[in-house]
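File shown here: run-v1.cif, holding mmCIF, C-alpha atoms (C1' of nucleotides).
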data_input
loop_
_atom_site.label_atom_id
_atom_site.label_comp_id
_atom_site.auth_asym_id
_atom_site.auth_seq_id
_atom_site.Cartn_x
_atom_site.Cartn_y
_atom_site.Cartn_z
CA MET A 6 114.40 -1.22 142.65
CA SER A 7 116.16 -2.98 145.47
CA ALA A 8 114.10 -4.83 148.02
CA ALA A 9 112.88 -2.74 150.89
CA ILE A 10 114.34 -3.38 154.29
CA GLY A 11 112.53 -3.66 157.60
CA GLN A 12 112.26 -1.14 160.36
CA LEU A 13 114.71 -2.69 162.76
CA GLU A 14 116.98 -3.54 159.87
CA LEU A 15 117.15 0.12 158.98
CA ILE A 16 117.83 1.27 162.52
CA VAL A 17 120.57 -1.30 162.86
CA LEU A 18 122.05 -0.26 159.54
CA LEU A 19 122.11 3.37 160.63
CA THR A 20 123.70 2.43 163.90
CA VAL A 21 126.45 0.48 162.18
CA ALA A 22 127.02 3.42 159.87
CA ARG A 23 127.31 5.81 162.76
CA ARG A 24 129.71 3.65 164.72
CA GLY A 25 132.08 3.48 161.79
CA ASP A 26 134.99 1.21 162.60
CA ASP A 27 133.66 0.06 165.92
CA ALA A 28 130.38 -1.58 165.05
CA TYR A 29 129.91 -4.94 166.72
CA GLY A 30 126.88 -6.66 168.16
CA LEU A 31 126.75 -5.59 171.76
CA ALA A 32 127.80 -2.03 171.04
CA VAL A 33 125.15 -1.72 168.38
CA ARG A 34 122.64 -3.03 170.86
CA ARG A 35 123.62 -0.41 173.44
CA ASP A 36 123.32 2.41 170.92
CA LEU A 37 119.96 1.10 169.83
CA SER A 38 118.62 1.24 173.36
CA GLU A 39 119.84 4.79 173.81
CA ARG A 40 118.38 6.06 170.57
CA THR A 41 115.04 4.37 170.74
CA GLY A 42 114.45 4.34 174.45
CA ARG A 43 113.65 0.68 174.53
CA ASP A 44 115.58 -2.55 174.95
CA TYR A 45 116.27 -5.06 172.25
CA SER A 46 117.23 -8.58 173.13
CA ILE A 47 120.61 -9.94 172.17
CA GLY A 48 118.97 -12.23 169.69
CA ALA A 49 117.01 -9.46 168.01
CA VAL A 50 120.18 -7.56 167.26
CA TYR A 51 122.34 -10.41 166.08
CA THR A 52 119.75 -11.99 163.84
CA THR A 53 119.15 -8.62 162.27
CA LEU A 54 122.85 -8.04 161.69
CA GLN A 55 123.10 -11.47 160.15
CA ARG A 56 120.17 -10.81 157.86
CA LEU A 57 121.68 -7.56 156.70
CA GLU A 58 124.87 -9.36 155.88
CA ASP A 59 122.95 -12.08 154.03
CA LYS A 60 121.33 -9.34 151.98
CA GLY A 61 124.69 -7.86 151.18
CA LEU A 62 124.13 -4.59 152.98
CA LEU A 63 126.76 -5.27 155.59
CA ARG A 64 129.90 -7.33 155.70
CA SER A 65 131.79 -8.49 158.74
CA LYS A 66 135.16 -9.69 159.90
CA ALA A 67 136.47 -10.94 163.19
CA THR A 68 138.96 -8.94 165.23
CA ASP A 69 141.80 -10.29 167.29
CA PRO A 70 140.95 -10.88 170.92
CA LEU A 71 141.64 -7.93 173.20
CA PRO A 72 143.85 -8.22 176.28
CA VAL A 73 141.11 -7.18 178.67
CA ARG A 74 138.66 -9.04 180.77
CA GLY A 75 136.06 -10.65 178.56
CA GLY A 76 138.05 -9.46 175.57
CA ARG A 77 137.12 -12.14 173.13
CA SER A 78 137.11 -11.56 169.41
CA ARG A 79 134.49 -9.20 168.09
CA ARG A 80 132.64 -9.39 164.86
CA LEU A 81 132.96 -5.99 163.25
CA PHE A 82 130.34 -4.92 160.75
CA LYS A 83 130.69 -2.40 158.01
CA LEU A 84 128.41 -0.93 155.38
CA THR A 85 128.75 -2.18 151.85
CA ALA A 86 128.05 0.01 148.85
CA ALA A 87 124.64 -1.64 148.62
CA GLY A 88 124.09 -0.83 152.28
CA ALA A 89 124.85 2.81 151.67
CA ARG A 90 122.42 2.84 148.79
CA ALA A 91 119.75 1.25 150.97
CA MET A 92 120.27 4.03 153.50
CA ARG A 93 119.85 6.73 150.93
CA GLU A 94 116.75 5.07 149.60
CA ALA A 95 115.30 4.78 153.09
CA GLU A 96 116.08 8.43 153.71
CA ARG A 97 114.31 9.44 150.55
CA ILE A 98 111.21 7.51 151.53
CA ALA A 99 111.25 8.76 155.11
CA THR A 100 111.47 12.34 153.93
CA SER A 101 108.65 11.79 151.53
CA VAL A 102 106.23 10.09 153.90
CA TRP A 103 106.76 12.64 156.64
CA ALA A 104 106.45 15.64 154.35
CA GLY A 105 103.53 17.82 155.23
CA ILE A 106 102.89 16.18 158.59
CA PRO A 107 102.95 18.89 161.25
CA SER A 108 105.11 18.20 164.27
CA THR A 109 102.24 18.91 166.52
CA ILE A 110 99.43 16.70 165.45
CA ARG A 111 95.96 17.85 166.23
CA LEU A 112 92.71 15.99 166.30
CA GLU A 113 89.51 17.74 165.45
CA HIS A 114 87.49 16.28 168.30
CA ALA A 115 89.23 13.06 169.38
CA MET B 22 105.36 2.82 176.71
CA SER B 23 102.89 1.91 174.00
CA ALA B 24 103.73 -0.93 171.65
CA ALA B 25 105.81 0.03 168.65
CA ILE B 26 104.16 -0.07 165.27
CA GLY B 27 105.55 -1.49 162.05
CA GLN B 28 107.01 0.34 159.13
CA LEU B 29 104.09 0.03 156.77
CA GLU B 30 101.72 0.65 159.64
CA LEU B 31 103.38 3.97 160.24
CA ILE B 32 103.31 5.01 156.62
CA VAL B 33 99.65 4.10 156.38
CA LEU B 34 98.90 6.00 159.56
CA LEU B 35 100.62 9.09 158.19
CA THR B 36 98.75 8.78 154.95
CA VAL B 37 95.41 8.57 156.71
CA ALA B 38 96.35 11.59 158.78
CA ARG B 39 97.24 13.56 155.70
CA ARG B 40 94.07 12.69 153.84
CA GLY B 41 91.89 13.91 156.67
CA ASP B 42 88.26 13.26 155.93
CA ASP B 43 88.83 11.33 152.76
CA ALA B 44 90.92 8.39 153.87
CA TYR B 45 89.70 5.09 152.49
CA GLY B 46 91.54 2.01 151.32
CA LEU B 47 92.18 2.54 147.65
CA ALA B 48 92.94 6.22 148.03
CA VAL B 49 95.43 5.48 150.76
CA ARG B 50 96.96 2.91 148.49
CA ARG B 51 97.37 5.41 145.66
CA ASP B 52 99.02 7.95 147.96
CA LEU B 53 101.32 5.28 149.27
CA SER B 54 102.53 4.44 145.80
CA GLU B 55 103.18 8.08 145.02
CA ARG B 56 105.10 8.75 148.20
CA THR B 57 107.18 5.63 148.27
CA GLY B 58 107.64 4.99 144.59
CA ARG B 59 106.59 1.40 144.87
CA ASP B 60 103.34 -0.52 144.64
CA TYR B 61 101.52 -2.13 147.48
CA SER B 62 98.95 -4.82 146.84
CA ILE B 63 95.37 -4.26 147.80
CA GLY B 64 95.68 -6.85 150.51
CA ALA B 65 98.75 -5.23 152.01
CA VAL B 66 96.94 -1.96 152.51
CA TYR B 67 93.67 -3.28 153.85
CA THR B 68 95.18 -5.71 156.29
CA THR B 69 97.36 -2.92 157.60
CA LEU B 70 94.41 -0.57 158.01
CA GLN B 71 92.56 -3.30 159.82
CA ARG B 72 95.47 -3.96 162.14
CA LEU B 73 95.70 -0.28 162.97
CA GLU B 74 92.04 -0.23 163.83
CA ASP B 75 92.41 -3.36 165.95
CA LYS B 76 95.17 -1.58 167.82
CA GLY B 77 92.97 1.41 168.39
CA LEU B 78 95.07 3.81 166.36
CA LEU B 79 92.41 4.28 163.71
CA ARG B 80 88.67 4.00 163.67
CA SER B 81 86.43 3.64 160.67
CA LYS B 82 82.89 4.07 159.50
CA ALA B 83 81.16 3.23 156.28
CA THR B 84 79.82 5.90 153.97
CA ASP B 85 76.62 5.63 152.03
CA PRO B 86 77.06 4.24 148.55
CA LEU B 87 77.88 6.91 146.00
CA PRO B 88 75.72 7.45 142.92
CA VAL B 89 78.60 6.91 140.54
CA ARG B 90 79.91 3.99 138.64
CA GLY B 91 81.52 1.55 141.05
CA GLY B 92 80.14 3.68 143.83
CA ARG B 93 79.90 1.19 146.57
CA SER B 94 80.24 2.25 150.18
CA ARG B 95 83.65 3.35 151.30
CA ARG B 96 85.21 2.66 154.61
CA LEU B 97 86.57 5.94 155.92
CA PHE B 98 89.40 5.86 158.43
CA LYS B 99 90.37 8.47 160.93
CA LEU B 100 93.09 8.88 163.52
CA THR B 101 92.23 8.27 167.14
CA ALA B 102 93.95 10.07 169.97
CA ALA B 103 96.10 6.99 170.45
CA GLY B 104 96.95 7.10 166.75
CA ALA B 105 98.10 10.67 167.07
CA ARG B 106 100.28 9.74 170.02
CA ALA B 107 101.76 6.85 168.06
CA MET B 108 102.67 9.30 165.31
CA ARG B 109 104.45 11.61 167.69
CA GLU B 110 106.30 8.72 169.24
CA ALA B 111 107.36 7.46 165.83
CA GLU B 112 108.52 10.94 164.92
CA ARG B 113 110.63 11.16 168.04
CA ILE B 114 112.30 7.85 167.29
CA ALA B 115 112.83 8.65 163.62
CA THR B 116 114.48 11.93 164.51
CA SER B 117 116.70 10.20 167.00
CA VAL B 118 117.86 7.34 164.81
CA TRP B 119 118.60 9.59 161.85
CA ALA B 120 120.42 12.19 163.90
CA GLY B 121 124.02 12.56 162.89
CA ILE B 122 123.67 10.60 159.68
CA PRO B 123 124.92 12.78 156.85
CA SER B 124 122.60 13.06 153.86
CA THR B 125 125.37 12.06 151.59
CA ILE B 126 126.74 8.83 152.82
CA ARG B 127 130.26 8.02 151.95
CA LEU B 128 132.16 4.81 152.05
CA GLU B 129 135.83 4.82 152.79
CA HIS B 130 136.80 2.30 150.14
CA ALA B 131 133.66 0.22 149.40
"C1'" DT C 22 71.28 -8.07 131.77
"C1'" DA C 23 76.22 -8.41 130.87
"C1'" DG C 24 80.34 -5.78 131.30
"C1'" DA C 25 83.08 -2.10 133.37
"C1'" DT C 26 84.59 0.24 137.43
"C1'" DG C 27 85.88 1.23 142.01
"C1'" DT C 28 85.69 -0.66 146.31
"C1'" DA C 29 86.24 -4.02 150.24
"C1'" DT C 30 86.99 -8.83 152.39
"C1'" DC C 31 89.17 -13.20 152.94
"C1'" DT C 32 92.88 -16.61 153.04
"C1'" DA C 33 97.41 -18.01 152.82
"C1'" DT C 34 102.32 -17.48 152.83
"C1'" DT C 35 106.88 -15.22 153.43
"C1'" DT C 36 109.65 -12.04 155.81
"C1'" DT C 37 110.80 -9.48 159.99
"C1'" DG C 38 110.97 -8.92 164.73
"C1'" DT C 39 111.76 -10.77 169.18
"C1'" DA C 40 113.41 -13.48 173.17
"C1'" DG C 41 116.59 -15.97 175.71
"C1'" DA C 42 119.35 -20.12 176.55
"C1'" DA C 43 123.65 -21.94 175.31
"C1'" DC C 44 128.26 -21.48 174.07
"C1'" DA C 45 133.02 -19.22 173.88
"C1'" DA C 46 137.15 -16.82 175.20
"C1'" DA C 47 139.39 -13.78 177.85
"C1'" DT C 48 140.98 -11.81 182.75
"C1'" DC C 49 140.84 -11.76 187.83
"C1'" DG C 50 141.68 -13.33 192.45
"C1'" DC C 51 142.87 -16.57 195.44
"C1'" DG D 25 145.66 -23.44 188.28
"C1'" DC D 26 141.10 -22.93 188.31
"C1'" DG D 27 136.50 -21.31 189.32
"C1'" DA D 28 134.12 -16.85 189.00
"C1'" DT D 29 133.32 -12.96 186.23
"C1'" DT D 30 133.01 -10.36 182.07
"C1'" DT D 31 132.24 -9.48 177.29
"C1'" DG D 32 130.88 -11.33 173.30
"C1'" DT D 33 128.49 -14.48 169.73
"C1'" DT D 34 125.52 -18.42 168.05
"C1'" DC D 35 121.50 -21.14 167.99
"C1'" DT D 36 116.63 -22.24 168.20
"C1'" DA D 37 111.99 -21.14 168.43
"C1'" DC D 38 108.01 -18.42 168.07
"C1'" DA D 39 105.10 -14.06 167.27
"C1'" DA D 40 104.00 -10.20 164.49
"C1'" DA D 41 104.00 -7.66 160.28
"C1'" DA D 42 104.18 -7.51 155.34
"C1'" DT D 43 102.59 -9.15 151.16
"C1'" DA D 44 99.88 -11.17 147.31
"C1'" DG D 45 95.97 -12.08 144.91
"C1'" DA D 46 91.49 -14.27 144.43
"C1'" DT D 47 86.84 -13.32 145.60
"C1'" DA D 48 82.77 -10.63 146.57
"C1'" DC D 49 79.95 -6.33 146.08
"C1'" DA D 50 77.43 -2.16 144.47
"C1'" DT D 51 76.79 0.95 141.14
"C1'" DC D 52 76.60 2.76 136.32
"C1'" DT D 53 76.47 1.95 131.02
"C1'" DA D 54 75.32 0.03 126.83
#
Can you give me the file's structure in the form of structure tokens?
Amino acid sequence: MSAAIGQLELIVLLTVARRGDDAYGLAVRRDLSERTGRDYSIGAVYTTLQRLEDKGLLRSKATDPLPVRGGRSRRLFKLTAAGARAMREAERIATSVWAGIPSTIRLEHA
Amino acid sequence: MSAAIGQLELIVLLTVARRGDDAYGLAVRRDLSERTGRDYSIGAVYTTLQRLEDKGLLRSKATDPLPVRGGRSRRLFKLTAAGARAMREAERIATSVWAGIPSTIRLEHA
DNA sequence: TAGATGTATCTATTTTGTAGAACAAATCGC
DNA sequence: GCGATTTGTTCTACAAAATAGATACATCTA
């Protein structure tokens, strides 16, 4: 069984997957904020991306600079086969742990 | 916005919620293994339960010792109102981050 | 009373999460 | 041309969560 990944690692992985061919640090960070409703620091995102690459779940390559203001080279990330497997595994676990939990949670007394 | 909880913290919280009135350390640990397909050490589970109580998401009380072999007192955990809110919040985020991710993940080339 | 069993606590370490300053490369406007 | 501005990444440090496993405890059984 492959090593489990962390919570932020998973969210970042999903975000990279969703962005497809346009997954680079700052864009991932923006998506993250939208989806989760909270802000992540620059550092949080980049270190996580780096860790995912170290684990072999992502790989990256640099793009050519763009002819626009601030258009420096981007580091584009992409899922590896292992990354896709990690996603499926995470999905399986998420489905399992949430199963049988009613959407509206009640307390008998509080 | 309340502080986010960790991955294992969430799974433990859900497990306690599901067990209702019979949520104590070792039982939670067994459920965890079944749901996730992996083993958690004793320490992993208890420290997580303790953290959740410290955060006010769970509360606990000791039972009387049971008249069975190994029947020492159990520590029963229960969701607090804050714990229930944390669950809902986690559910909202999980739904959001998984949205649009196809169940079958494909790689264009690998 | 020694061993088995089911339970909880304690201690230490590794892995993840988090922040933000520093650095880099491009355009814009004067 | 060159400083200001913009978009992007790297580096460094620290806090929080995850994890393991030894130890302690209470009860039955033989």
### Task
Could you tell me which residues the PyMOL selection byres ((chain A and resi 76-92) around 8) grabs in this file, written as a PyMOL selection string?
(chain A and resi 7+9-10+15+18-19+21-22+25-30+61-75+93-96) or (chain B and resi 126-128+131) or (chain C and resi 46-47) or (chain D and resi 31-32)
#### Entry: Gap from atom C1' of DA46 of chain D to atom CA of Arg40 of chain B - Å, one decimal
28.7 Å
Shell around DT36 of chain D at 12 Å using only C-alpha atoms (C1' of nucleotides), local window under 4 positions removed, as a PDB file with C-alpha atoms (C1' of nucleotides), in the coordinates of the input:
ATOM      1  CA  GLY A  48     118.970 -12.230 169.690  1.00  0.00           C
ATOM      2  CA  THR A  52     119.750 -11.990 163.840  1.00  0.00           C
TER       3      THR A  52
ATOM      4  C1'  DA C  40     113.410 -13.480 173.170  1.00  0.00           C
ATOM      5  C1'  DG C  41     116.590 -15.970 175.710  1.00  0.00           C
ATOM      6  C1'  DA C  42     119.350 -20.120 176.550  1.00  0.00           C
ATOM      7  C1'  DA C  43     123.650 -21.940 175.310  1.00  0.00           C
TER       8       DA C  43
END
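Close contacts of segment 34-37 of chain A, defined as residues with an atom at most 8 Å away when counting only C-alpha atoms (C1' of nucleotides), with chain neighbours fewer than 2 positions off set aside, comprise Ile16, Val17, Thr20, Gly30, Leu31, Ala32, Glu39, Arg40, Thr41, Gly42, Arg43, Asp44, Tyr45, Ile47 and Val50 of chain A.
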### Task
Any chance you could resolve the PyMOL selection byres ((chain C) within 8 of (chain B)) against this file and give the residues as a list in words?
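For this structure, the PyMOL selection byres ((chain C) within 8 of (chain B)) resolves to DT26, DG27, DT28 and DA29 of chain C.
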Output C-alpha atoms (C1' of nucleotides) of each residue in that selection to a file, as an mmCIF file, in the coordinates of the input.
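result-v7.cif was written with the following content:
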data_model
loop_
_atom_site.group_PDB
_atom_site.id
_atom_site.type_symbol
_atom_site.label_atom_id
_atom_site.label_comp_id
_atom_site.auth_asym_id
_atom_site.auth_seq_id
_atom_site.Cartn_x
_atom_site.Cartn_y
_atom_site.Cartn_z
ATOM 1 C "C1'" DT C 26 84.590 0.240 137.430
ATOM 2 C "C1'" DG C 27 85.880 1.230 142.010
ATOM 3 C "C1'" DT C 28 85.690 -0.660 146.310
ATOM 4 C "C1'" DA C 29 86.240 -4.020 150.240
#
